[in-house]
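**Q** Just passing along the structure, written as structure tokens.
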Amino acid sequence: MRIIRTSAFLAVSALLAVSGQALAHHSQSQFDGEATVTIEGTLTRGSWNNPHTLFLLQGKRVGSNEAAQEWSVEGPSPRQLEAKGWSKEVSKAGDKLVFEGRPRRDGKPDILLLSVTLPDGKTLSFKPE
């Protein structure tokens with residue numbers, strides 16, 4: 001009986017440890033869940049890797065007089081982007097894009113993707129429904 005309890009305890013402990021890491025990885029608490037910002041600029045690089053896509057662009061906030069800077073845009077998985085019609089072949093480095101997203105709370109030039117306007121003018125939304 002003692003072996004079963006020990007095994008069960010170890011199994012539950014391992015499961016809790018792994019699930020805690022998974023939840024921590026997917027935390028988006030660094031982003032302001034109420035504010036939105038729109039960035040327009042030139043795509044410099046895109047990473048289409050799981051679990052999240054990442055896009056870098058040289059751009060600035062729409063309507064601002066600030067100098068262009070490098071922005072980082074964290075998006076959903078490649079599969080989620082492709083389901084909405086955006087694949088690697090649709091945009092490439094040098095393309096002009098407009099991203100809308102949740103800004104970081106600390107003011108760093110990073111956003112969590114809500115929508116993108118592609119070079120052909122098509123806007124894709126990734127807002128939670």
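Just so we're on the same page: first chain in the structure tokens is A, next is B, and so on; residues restart at 1 for each chain, and ligands are numbered from 1 in the order they show up.
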May I have the residues within 10 Å of A:Lys127 as a list in words, using only C-alpha atoms and disregarding those fewer than 2 positions away in the same chain?

**A** Glu100, Gly101, Leu113, Leu114, Ser115, Leu124, Ser125 and Glu129 of chain A

**Q** Keeping only all heavy atoms, take the residues you just selected and write them out as a PDB file, in the first residue's frame.

**A**
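Below is the file that was written, result.pdb:
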ATOM      1  N   GLU A 100      -2.157  45.668 -34.936  1.00  0.00           N
ATOM      2  CA  GLU A 100      -2.868  46.178 -33.761  1.00  0.00           C
ATOM      3  C   GLU A 100      -2.661  45.152 -32.658  1.00  0.00           C
ATOM      4  O   GLU A 100      -2.723  43.943 -32.908  1.00  0.00           O
ATOM      5  CB  GLU A 100      -4.356  46.331 -34.034  1.00  0.00           C
ATOM      6  CG  GLU A 100      -5.122  46.803 -32.813  1.00  0.00           C
ATOM      7  CD  GLU A 100      -6.627  46.742 -32.979  1.00  0.00           C
ATOM      8  OE1 GLU A 100      -7.124  46.035 -33.882  1.00  0.00           O
ATOM      9  OE2 GLU A 100      -7.327  47.384 -32.179  1.00  0.00           O
ATOM     10  N   GLY A 101      -2.385  45.637 -31.449  1.00  0.00           N
ATOM     11  CA  GLY A 101      -2.170  44.688 -30.372  1.00  0.00           C
ATOM     12  C   GLY A 101      -2.191  45.318 -29.001  1.00  0.00           C
ATOM     13  O   GLY A 101      -2.385  46.528 -28.846  1.00  0.00           O
ATOM     14  N   LEU A 113      -0.388  40.375 -30.559  1.00  0.00           N
ATOM     15  CA  LEU A 113      -1.172  40.563 -31.780  1.00  0.00           C
ATOM     16  C   LEU A 113      -2.676  40.406 -31.579  1.00  0.00           C
ATOM     17  O   LEU A 113      -3.139  39.417 -31.026  1.00  0.00           O
ATOM     18  CB  LEU A 113      -0.702  39.560 -32.838  1.00  0.00           C
ATOM     19  CG  LEU A 113      -1.383  39.628 -34.197  1.00  0.00           C
ATOM     20  CD1 LEU A 113      -1.110  40.967 -34.879  1.00  0.00           C
ATOM     21  CD2 LEU A 113      -0.912  38.484 -35.077  1.00  0.00           C
ATOM     22  N   LEU A 114      -3.415  41.413 -32.069  1.00  0.00           N
ATOM     23  CA  LEU A 114      -4.876  41.345 -32.142  1.00  0.00           C
ATOM     24  C   LEU A 114      -5.346  41.303 -33.591  1.00  0.00           C
ATOM     25  O   LEU A 114      -6.304  40.618 -33.922  1.00  0.00           O
ATOM     26  CB  LEU A 114      -5.520  42.538 -31.436  1.00  0.00           C
ATOM     27  CG  LEU A 114      -5.342  42.609 -29.930  1.00  0.00           C
ATOM     28  CD1 LEU A 114      -5.935  43.914 -29.399  1.00  0.00           C
ATOM     29  CD2 LEU A 114      -5.990  41.415 -29.244  1.00  0.00           C
ATOM     30  N   SER A 115      -4.671  42.069 -34.472  1.00  0.00           N
ATOM     31  CA  SER A 115      -5.013  42.051 -35.896  1.00  0.00           C
ATOM     32  C   SER A 115      -3.821  42.529 -36.714  1.00  0.00           C
ATOM     33  O   SER A 115      -2.909  43.169 -36.189  1.00  0.00           O
ATOM     34  CB  SER A 115      -6.237  42.924 -36.193  1.00  0.00           C
ATOM     35  OG  SER A 115      -5.930  44.294 -36.042  1.00  0.00           O
ATOM     36  N   LEU A 124      -6.779  40.826 -40.987  1.00  0.00           N
ATOM     37  CA  LEU A 124      -7.116  39.582 -40.311  1.00  0.00           C
ATOM     38  C   LEU A 124      -7.173  39.840 -38.820  1.00  0.00           C
ATOM     39  O   LEU A 124      -6.256  40.443 -38.253  1.00  0.00           O
ATOM     40  CB  LEU A 124      -6.069  38.513 -40.608  1.00  0.00           C
ATOM     41  CG  LEU A 124      -5.810  38.204 -42.077  1.00  0.00           C
ATOM     42  CD1 LEU A 124      -4.660  37.220 -42.204  1.00  0.00           C
ATOM     43  CD2 LEU A 124      -7.052  37.669 -42.739  1.00  0.00           C
ATOM     44  N   SER A 125      -8.224  39.384 -38.155  1.00  0.00           N
ATOM     45  CA  SER A 125      -8.388  39.598 -36.727  1.00  0.00           C
ATOM     46  C   SER A 125      -8.088  38.306 -35.973  1.00  0.00           C
ATOM     47  O   SER A 125      -8.497  37.216 -36.375  1.00  0.00           O
ATOM     48  CB  SER A 125      -9.814  40.032 -36.415  1.00  0.00           C
ATOM     49  OG  SER A 125      -9.998  40.134 -35.021  1.00  0.00           O
ATOM     50  N   GLU A 129     -12.873  35.683 -29.296  1.00  0.00           N
ATOM     51  CA  GLU A 129     -14.316  35.858 -29.577  1.00  0.00           C
ATOM     52  C   GLU A 129     -15.155  35.553 -28.368  1.00  0.00           C
ATOM     53  O   GLU A 129     -14.816  34.928 -27.474  1.00  0.00           O
ATOM     54  CB  GLU A 129     -14.712  34.972 -30.736  1.00  0.00           C
ATOM     55  CG  GLU A 129     -13.969  35.386 -31.992  1.00  0.00           C
ATOM     56  CD  GLU A 129     -14.218  34.425 -33.140  1.00  0.00           C
ATOM     57  OE1 GLU A 129     -15.122  33.572 -33.060  1.00  0.00           O
ATOM     58  OE2 GLU A 129     -13.509  34.537 -34.127  1.00  0.00           O
TER      59      GLU A 129
END

**Q** Using DSSP on the backbone, list every residue of stretch 48-127 of chain A that comes out as strand (DSSP E), and give them as number ranges by chain.

**A** A: 53-61, 69-75, 96-103, 110-117, 123-125

**Q** List as a list of chain:residue names the protein and nucleic acid residues near A:Leu118, meaning an atom at most 10 Å away when only C-alpha atoms are counted, but skip any in the same chain fewer than 3 places from it.

**A**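 Surrounding residues, per the criterion: A:Trp86, A:Val90, A:Ser91, A:Asp95, A:Lys96, A:Leu97, A:Val98, A:Phe99, A:Ser115, A:Gly121, A:Lys122, A:Thr123, A:Leu124.
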
**Q** Go ahead and dump the residues you just picked, N, CA and C atoms, as a CSV table (one decimal), in the first residue's frame.

**A**
chain,number,residue,atom,x,y,z
A,86,TRP,N,-3.2,33.7,-43.3
A,86,TRP,CA,-1.9,34.3,-43.3
A,86,TRP,C,-0.8,33.2,-43.2
A,90,VAL,N,2.6,34.8,-47.7
A,90,VAL,CA,1.8,36.0,-47.9
A,90,VAL,C,2.6,37.3,-47.6
A,91,SER,N,3.5,37.3,-46.7
A,91,SER,CA,4.3,38.5,-46.4
A,91,SER,C,5.7,38.1,-46.2
A,95,ASP,N,8.0,44.0,-46.6
A,95,ASP,CA,6.6,44.4,-46.8
A,95,ASP,C,6.2,45.4,-45.7
A,96,LYS,N,5.2,46.3,-46.1
A,96,LYS,CA,4.6,47.2,-45.2
A,96,LYS,C,3.4,46.5,-44.5
A,97,LEU,N,3.4,46.5,-43.2
A,97,LEU,CA,2.3,45.9,-42.5
A,97,LEU,C,1.8,46.8,-41.4
A,98,VAL,N,0.5,46.6,-41.0
A,98,VAL,CA,0.0,47.4,-39.8
A,98,VAL,C,-0.5,46.3,-38.8
A,99,PHE,N,0.0,46.4,-37.6
A,99,PHE,CA,-0.3,45.5,-36.5
A,99,PHE,C,-1.1,46.3,-35.4
A,115,SER,N,-4.7,42.1,-34.5
A,115,SER,CA,-5.0,42.1,-35.9
A,115,SER,C,-3.8,42.5,-36.7
A,121,GLY,N,-3.8,44.7,-48.3
A,121,GLY,CA,-4.9,45.5,-47.7
A,121,GLY,C,-5.9,44.7,-46.9
A,122,LYS,N,-5.8,43.4,-46.9
A,122,LYS,CA,-6.7,42.5,-46.2
A,122,LYS,C,-6.3,42.6,-44.7
A,123,THR,N,-7.3,42.7,-43.8
A,123,THR,CA,-7.1,42.8,-42.4
A,123,THR,C,-7.6,41.4,-41.8
A,124,LEU,N,-6.8,40.8,-41.0
A,124,LEU,CA,-7.1,39.6,-40.3
A,124,LEU,C,-7.2,39.8,-38.8

**Q** Between A:Ser27, A:Thr117, A:Thr38, A:Thr44, which has the minimum distance to A:Val62 (counting only C-alpha atoms)?

**A**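 Going through A:Ser27, A:Thr117, A:Thr38, A:Thr44 one by one, the smallest distance to A:Val62 is for A:Thr38.
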
**Q** Could you state the separation of atom CA of A:Arg102 and atom CA of A:Leu43 in Å, given to one decimal place?

**A**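 Rounded to one decimal, the two atoms are 18.4 Å apart.
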
**Q** Nearest residue to A:Pro51 out of A:Phe126, A:Gly75, A:Asp32, A:Lys88, using only C-alpha atoms?

**A**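 Selected residue with least distance to A:Pro51: A:Gly75.
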
**Q** So which one's closest to A:Glu89, A:Ser64, A:Thr36, A:Pro119, A:Gly59? Using only C-alpha atoms, please.

**A**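 Nearest to A:Glu89: A:Pro119.
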
**Q** With distances taken over only C-alpha atoms, which of A:Val37, A:Ser29, A:Glu74, A:Gln69 is nearest to A:Asn49?

**A**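 Result for the nearest residue to A:Asn49: A:Glu74.
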
**Q** Kindly give the distance, in Å, that separates atom CA of A:Lys84 and atom CA of A:Glu40, rounded to a single decimal.

**A** 20.3 Å

**Q** Can you measure atom CA of A:Pro78 to atom CA of A:Gly46 for me? One decimal in Å is fine.

**A**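 It comes out at 10.9 Å.
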